[in-house]
Amino acid sequence: MHKKSIQVHVLPPQGQTGVKPQEREFRTFSRDLRRLRGWLKSCGVTEVVMESSGQYWRAVWNVLEGEIPRLVLVNPQHVKALAGRKTDRIDSQRLARYLENNDLEGSFVPAREIRELRDLTRSRVHLLQEVNRVKNRIGQMCEAGNIKVSSVATDLFGVSGRRMLEAMAEG
């Protein structure tokens, strides 16, 4: 799985020895992921395994969740320990075989609602960190300009501190 493409390997149902595995590559645009989902369903796929490579797995997971009965997300480091030579094609074949043999332990992936709440929480944390960085820069700029607001106001961004900053900004 990559930013722009996904290599897919579908094994035949167990016990069907005369049927060959199918391989396809899909792009990662939404329409292509929907085509992937349709193709997997038409192949009768009931289990999908994928590596958790960066954020790229998320879009695929979201499209397949609820449509394919069992999704397994594995840490690439765990699979790397089992693997030898690595190419996307070989990786997809290997992952399919590992899944078929029950050799994989999937990572915990919470329900969509929880994932969305976690994303919101992370966004909020990042926004608060950015606000703090900006406030610290403003305080440092004041200090560098010999404006000792921190000596007069305990909170540069409290009511009094803001009034002083606004007054300085207005000249």
# chains A, B, ... in the order shown; residues from 1 in each chain; ligands from 1
>>> closest_atom_pairs(of="segment 91-151 of chain A", to="segment 18-40 of chain A", cutoff="12 Å", atoms="only C-alpha atoms", output="tab-separated table")
residue	atom	partner	partner_atom	distance
A:Asp91	CA	A:Glu23	CA	11.9
A:Ser92	CA	A:Glu23	CA	8.8
A:Gln93	CA	A:Glu23	CA	8.8
A:Ala96	CA	A:Pro21	CA	10.1
A:Arg97	CA	A:Pro21	CA	10.9
>>> residues_around(residues="Gln14 of chain A", least_positions_apart="3", cutoff="9 Å", atoms="only C-alpha atoms", output="PyMOL selection string")
chain A and resi 11+17+100
>>> residues_around(residues="segment 43-55 of chain A", least_positions_apart="6", cutoff="8 Å", atoms="only C-alpha atoms", output="PyMOL selection string")
chain A and resi 1-2+10+68-76+95-96+99
>>> atom_distance(atom1="atom CA of Ile114 of chain A", atom2="atom CA of Gln129 of chain A")
22.3 Å
